[in-house]
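Asker: Here it is, the structure in full.
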Amino acid sequence: MHPILISLAAAAAPLAPEAPADSEEIVVTGERDEQAHYEAPSRVQVIPALSEVAGLPMVTDYLRLYPGTSVATSGPRGSQTQVRLRGAEANHTLLVVDGIRFNDPAAGNEARFELLGVDFAERIGLILGPRSALWGSEAIGGVVVADTADPALSSIQVRGEYGSLDSARGSARVTAAAGSLRSTATGSWMRSDGIDSFAGGGDRDGFENRSASLRLVYIPGDPYARVTPFEIGVVGHWIEGTSEYDGFDPVTFRRADTLDSTRNRIGAVRGWVNGEAKGWTLTLDGSFLASANRNLLAGAPLNRTFGRRFTASARLEKKVGGHEVTAAAEHQSERFRARDEVYFGATRQDRSRELSALVGAWEAKWSSKLTTEIALRHDRFSAFADATTVRAGVTFEPVRRVQLVAGYGEGIAQPTFYDLYGFFPGSFAGNPALKAERSEGWNAGARLGRWHRTTFSLDYFEARLRDEIVDVFDPATFRSTTANASGTSRRKGIQALLEVTPRGRWAQRLFATYTYLDAGEQQVPGALAVREIRRPRHSAGFGAQGELGKVSWGVTLAYAGARRDTDFESFPARTVRLGDYVLGSLQLGWRFAEGMEMFARAENAFDSRYQDVLGYRTQGRTVHAGLRLRFDP
C-alpha cells in the first residue's frame, strides 16, 4: 500500500510560530529519505507534535486513530501493548527510533510500545504494507518510525501534570543550535496507581515509566543549507518501566489477582556520518541496542531475559536528473540470554545469530506526471534459510492534484529465539529447522491533494502470509513445539482518509479515517480460514484541533469494532467476541502569558467499558490538569 500523509499540528499552536502558508512539509518516507510528501511515491502518514494534539501520553493513543492499525493492551496503561498493521501479527510491526531498530530481541522480536511515550518524539511516521526490501526483517505489516527533534532554533519546553488514579507526568526538552552544532536533550517520567485489572476486588496494578534521550548533529558550513556536504551525528535513548499485573494461579492455572510485576529496560545508541560530492552521497551508520526484562512475584525474581543487537550499514546514492540509484550493505548480529530462578536453571540458554544484506533501489521521475520505484534486498541468515524481497511502485498524476498509485511489496519476519530454541525443555521445545515467515502484498489507490484545503485518499490492499510460524501441541505428551504452517493466511481491506484545514482560526485541522479489514488465518491448505483475533473488521478515527483567542483545544475519537479473542481458560480453548467501543479525549488550554499555558484534559471521556484482550480490564474516564512552558532564548 502507498501510505498516505496525515498531519496533525499542535493543539496549543500559540506556543509555537506558525509555518509559512507556502512551506512544504518534509517527512520521512518509505524510501528512507526526506522528500516533499506530495511527490513521494511511497508516502507516509505523519503525526507531528504528538503530545500537543490532545495531551495523550503514549504513542499508541494516537496510532489508534490512523488507518490500518489495531492496538491491543493487556490491561491498564503500562501493560503489554501490541500494534498490528494491516492485519499482520504483532511481531510483524517494525519500530525504528531515530534510525535504530527498536524491536526487542529478548521479547519475541516485538516492539515494546507500552514503554513508548510521546514526549521524546517530534514526529511519528506510519508506513503500511510489506516493506522488507527497504527495511529488512519484521516489516511485514509495516513500519512505525519515530524521530526526536532536529531543531533550527534553541528552545526549552517543560510540561507537568497530575490527574486521576494518582497519575503524574513530567517532561522537559532542551534544543540548542549554535553554529555548526545542533542538539536535543529530552527527559520524561510518568506513573499511575492504575486499576485492578483482574476485577476481583484486589490491589491496583500501577506502572512507572522513565526515559531520556540525547541527539547531537555537527554540520560544518551552513547547517540550514538544502544540501550539506558533510554531517556527523550521534543519538542515544534510555527507556525503562515497571508494570504490575495480575497473572495466573499456580495451582488452577487460571487468571487470578496476583502480585506479579515486570521490569523492562532498553538502551540504544546510534552514530552516523555522511558526505556529498558531485551528486554522490555516502552514509556510514552503526547502532547498538541492549534490553533487559525481569519478571517478579511479590518482589521475588521469577525469570529474566536479555537481548543485544548491533547493526552496521553503508549506503551509496547517486542522483542524475530525475533518477536516483541507491546501493547499500548491512550487517546485523544479535545475542539472547534467558535465566530463571524457579525452574533450577531449566530455561537457561545463550544464543546468537547474524545476518548480512545487500540492497539496491532505483527511483525514477520520468515526467511531472509519472514516478516509479523499485528495490531489491537479499538477506543471508546464519540461523535459517536466506531470503530475497522486492518492492515496486508507480505514481501517476493524470491531472493536477490527483494521483493514482499502485504498488507491490514483500516482507519477511525472522523466527524468534524461542521459536528456534524453545523455552522449557519438558514442555515447549523449539524448532531450529524453521523458515522465515513471508508476506507479499499489493495495493491500488487514489488521492485528491490540497483541493479547496481538503485532502482525500482511498486505498485497497491485499496481502498473503506464507510459512506462518504456529505452535503445535501434542495431546499425548502435552509437549509443544513450533512449525511453519503449510496454509496461506490472507488479509485485504479498504482505507479512507479525509483531511481538512479550515480557513477560520477557531479550527486549524480536522481529519477522519476509516478502515475495513478482512484478515483470515489458514494453517492447512484447503481448510476454512479462521478470522484473526484482536483485529476489528471496522475501525475509524477522528481528530480536530484549533484555537480561539487565548484558548486552544484538541479532540480525538477512536472507534474499534467488534473483534474476536481466544479463551484459553476453557478446554478446549474457545473463540469469544469482544464488543466494540469508542475512546474519546478532549484537551483545553489557556495561554495566560507568553510561552505559558494551563491545560485540562479528559481521557476515555465517554467512560467506555472495554477489553482489548479477554480478561484484562482497562481504565475508565480520567481527568488531568497541568502546565506547559516554552522559552525561546
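The chains in the C-alpha cells are called A, B, ... from first to last as shown; in each chain the residues are counted from 1, and the ligands are counted from 1 in the order shown.
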Need to verify the contact set: Ser585 of chain A, 10 Å, only C-alpha atoms, exclusion of same-chain residues closer than 3 positions in sequence. Can you return it as a list in words?
Answerer: Ala54, Gly55, Leu56, Asp61, Gly543, Gly554, Val555, Thr556, Leu557, Ala558, Arg601, Ala602, Glu603, Asn604, Ala605, Phe606, Arg621, Thr622 and Val623 of chain A
Asker: So which residues of segment 294-392 of chain A fall under strand (DSSP E or B) by DSSP, listed as number ranges by chain?
Answerer: A: 294-297, 300-320, 323-340, 349-365, 370-381, 387-392
Asker: What separation in Å, quoted to one decimal, exists between atom CA of Trp442 of chain A and atom CA of Thr488 of chain A?
Answerer: 15.7 Å
Asker: So which residues touch segment 91-98 of chain A within 8 Å, counting only C-alpha atoms, skipping near sequence neighbours fewer than 4 positions away, as a compact mmCIF listing (two decimals) with all heavy atoms, in the first residue's frame?
Answerer:
```txt
# COMPACT_ATOMS: atom_id res chain seq x y z
N VAL A 83 0.79 -3.71 18.60
CA VAL A 83 0.29 -2.97 17.45
C VAL A 83 0.38 -3.88 16.23
O VAL A 83 1.46 -4.36 15.88
CB VAL A 83 1.08 -1.68 17.22
CG1 VAL A 83 0.62 -1.00 15.93
CG2 VAL A 83 0.93 -0.74 18.41
N ARG A 84 -0.77 -4.13 15.61
CA ARG A 84 -0.84 -4.93 14.40
C ARG A 84 -1.21 -4.02 13.23
O ARG A 84 -2.19 -3.29 13.30
CB ARG A 84 -1.86 -6.06 14.56
CG ARG A 84 -1.48 -7.08 15.63
CD ARG A 84 -2.59 -8.09 15.86
NE ARG A 84 -2.17 -9.18 16.72
CZ ARG A 84 -2.21 -9.15 18.06
NH1 ARG A 84 -2.69 -8.08 18.67
NH2 ARG A 84 -1.79 -10.18 18.77
N LEU A 85 -0.43 -4.08 12.17
CA LEU A 85 -0.65 -3.24 11.00
C LEU A 85 -1.17 -4.07 9.85
O LEU A 85 -0.64 -5.13 9.54
CB LEU A 85 0.66 -2.56 10.59
CG LEU A 85 1.33 -1.68 11.64
CD1 LEU A 85 2.62 -1.08 11.10
CD2 LEU A 85 0.39 -0.58 12.12
N PHE A 102 14.19 -0.92 16.96
CA PHE A 102 13.85 -0.91 18.37
C PHE A 102 13.06 -2.14 18.82
O PHE A 102 12.66 -2.23 19.98
CB PHE A 102 13.07 0.36 18.73
CG PHE A 102 13.73 1.16 19.82
CD1 PHE A 102 14.91 1.83 19.59
CD2 PHE A 102 13.18 1.25 21.09
CE1 PHE A 102 15.53 2.56 20.59
CE2 PHE A 102 13.78 1.98 22.09
CZ PHE A 102 14.96 2.65 21.85
N ASN A 103 12.77 -3.08 17.91
CA ASN A 103 12.11 -4.31 18.34
C ASN A 103 13.03 -5.06 19.30
O ASN A 103 14.25 -5.10 19.11
CB ASN A 103 11.77 -5.18 17.14
CG ASN A 103 10.64 -4.60 16.31
OD1 ASN A 103 10.62 -3.41 16.02
ND2 ASN A 103 9.69 -5.43 15.93
N GLY A 108 10.54 -11.76 21.97
CA GLY A 108 9.87 -12.29 20.79
C GLY A 108 9.89 -11.37 19.59
O GLY A 108 8.99 -11.43 18.75
N ASN A 109 10.90 -10.50 19.46
CA ASN A 109 11.03 -9.56 18.34
C ASN A 109 9.89 -8.56 18.27
O ASN A 109 9.69 -7.91 17.23
CB ASN A 109 11.13 -10.30 17.00
CG ASN A 109 12.46 -11.00 16.82
OD1 ASN A 109 13.37 -10.83 17.63
ND2 ASN A 109 12.58 -11.77 15.76
N GLU A 110 9.12 -8.40 19.33
CA GLU A 110 8.05 -7.41 19.34
C GLU A 110 8.58 -6.06 19.81
O GLU A 110 9.56 -5.98 20.56
CB GLU A 110 6.90 -7.84 20.24
CG GLU A 110 6.12 -9.02 19.71
CD GLU A 110 4.80 -9.24 20.45
OE1 GLU A 110 4.33 -8.30 21.12
OE2 GLU A 110 4.25 -10.34 20.34
N ALA A 111 7.92 -5.00 19.37
CA ALA A 111 8.24 -3.66 19.83
C ALA A 111 7.55 -3.41 21.17
O ALA A 111 6.40 -3.78 21.35
CB ALA A 111 7.79 -2.62 18.80
N SER A 137 13.91 -7.39 8.06
CA SER A 137 13.01 -8.29 8.76
C SER A 137 12.04 -7.55 9.67
O SER A 137 12.34 -6.45 10.17
CB SER A 137 13.83 -9.29 9.59
OG SER A 137 13.02 -10.22 10.24
N GLU A 138 10.90 -8.16 9.92
CA GLU A 138 9.77 -7.68 10.74
C GLU A 138 8.90 -6.66 10.01
O GLU A 138 7.84 -6.31 10.52
CB GLU A 138 10.22 -7.08 12.10
CG GLU A 138 10.56 -8.09 13.15
CD GLU A 138 11.86 -8.82 12.89
OE1 GLU A 138 12.92 -8.18 12.92
OE2 GLU A 138 11.80 -10.04 12.65
N ALA A 139 9.30 -6.17 8.86
CA ALA A 139 8.50 -5.17 8.14
C ALA A 139 7.49 -5.87 7.24
O ALA A 139 7.48 -5.67 6.02
CB ALA A 139 9.39 -4.23 7.34
N ILE A 140 6.61 -6.68 7.84
CA ILE A 140 5.56 -7.36 7.09
C ILE A 140 4.28 -6.55 7.09
O ILE A 140 3.69 -6.26 6.04
CB ILE A 140 5.31 -8.77 7.67
CG1 ILE A 140 6.41 -9.72 7.22
CG2 ILE A 140 3.95 -9.32 7.23
CD1 ILE A 140 6.23 -11.16 7.68
N GLY A 141 3.80 -6.15 8.26
CA GLY A 141 2.62 -5.30 8.33
C GLY A 141 2.93 -3.86 8.01
O GLY A 141 2.11 -3.12 7.48
N GLY A 142 4.15 -3.44 8.36
CA GLY A 142 4.55 -2.07 8.12
C GLY A 142 5.61 -1.63 9.12
O GLY A 142 6.16 -2.43 9.88
N VAL A 143 5.89 -0.32 9.12
CA VAL A 143 6.96 0.25 9.93
C VAL A 143 6.43 1.48 10.67
O VAL A 143 5.74 2.31 10.07
CB VAL A 143 8.17 0.67 9.06
CG1 VAL A 143 9.34 1.11 9.92
CG2 VAL A 143 8.59 -0.47 8.14
N VAL A 144 6.73 1.58 11.97
CA VAL A 144 6.47 2.78 12.74
C VAL A 144 7.81 3.47 12.96
O VAL A 144 8.75 2.88 13.50
CB VAL A 144 5.82 2.46 14.10
CG1 VAL A 144 5.63 3.74 14.92
CG2 VAL A 144 4.48 1.76 13.89
N VAL A 145 7.93 4.72 12.50
CA VAL A 145 9.19 5.47 12.55
C VAL A 145 9.03 6.65 13.49
O VAL A 145 8.14 7.49 13.30
CB VAL A 145 9.58 5.97 11.15
CG1 VAL A 145 10.93 6.67 11.20
CG2 VAL A 145 9.64 4.83 10.15
N ALA A 146 9.87 6.72 14.53
CA ALA A 146 9.83 7.81 15.49
C ALA A 146 11.12 8.61 15.40
O ALA A 146 12.21 8.03 15.32
CB ALA A 146 9.63 7.28 16.91
N ASP A 147 11.01 9.94 15.43
CA ASP A 147 12.18 10.81 15.34
C ASP A 147 12.13 11.87 16.43
O ASP A 147 11.08 12.48 16.66
CB ASP A 147 12.24 11.51 13.98
CG ASP A 147 12.51 10.54 12.84
OD1 ASP A 147 13.50 9.80 12.92
OD2 ASP A 147 11.72 10.52 11.89
N THR A 148 13.27 12.11 17.08
CA THR A 148 13.37 13.23 18.01
C THR A 148 13.59 14.51 17.22
O THR A 148 13.85 14.50 16.02
CB THR A 148 14.52 13.01 19.00
OG1 THR A 148 15.71 12.72 18.28
CG2 THR A 148 14.22 11.85 19.93
N VAL A 235 23.03 9.73 18.46
CA VAL A 235 21.80 9.83 19.22
C VAL A 235 21.73 8.64 20.17
O VAL A 235 22.15 7.53 19.82
CB VAL A 235 20.56 9.88 18.29
CG1 VAL A 235 20.44 8.61 17.46
CG2 VAL A 235 19.29 10.14 19.09
N ALA A 413 9.77 -12.06 8.28
CA ALA A 413 9.96 -11.92 9.73
C ALA A 413 10.78 -13.11 10.22
O ALA A 413 10.44 -14.27 9.94
CB ALA A 413 8.63 -11.86 10.46
```
Asker: Got a sec: who's within 8 Å of segment 300-317 of chain A, counting only C-alpha atoms, leaving out chain neighbours fewer than 2 positions off, as a ChimeraX atom specification?
Answerer: /A:104-107,280-298,319,324-342
Asker: Using DSSP on the backbone, list every residue of segment 46-85 of chain A that comes out as alpha helix (DSSP H), and give them as a list in words.
Answerer: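 DSSP-assigned alpha helix (DSSP H) residues in segment 46-85 of chain A: Leu50, Ser51, Glu52, Val53, Val59, Thr60, Asp61, Tyr62 and Leu63 of chain A.
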Asker: Show which residues sit within 9 Å of segment 467-482 of chain A, as a ChimeraX atom specification. Count only C-alpha atoms, and ignore same-chain residues fewer than 6 positions away.
Answerer: /A:415,419-420,422,426-431,434-439,488-489,523
Asker: Nearest to Glu569 of chain A: which of A:Gly99, A:Arg169, A:Gly267, A:Thr252 is it, counting only C-alpha atoms?
Answerer: A:Thr252
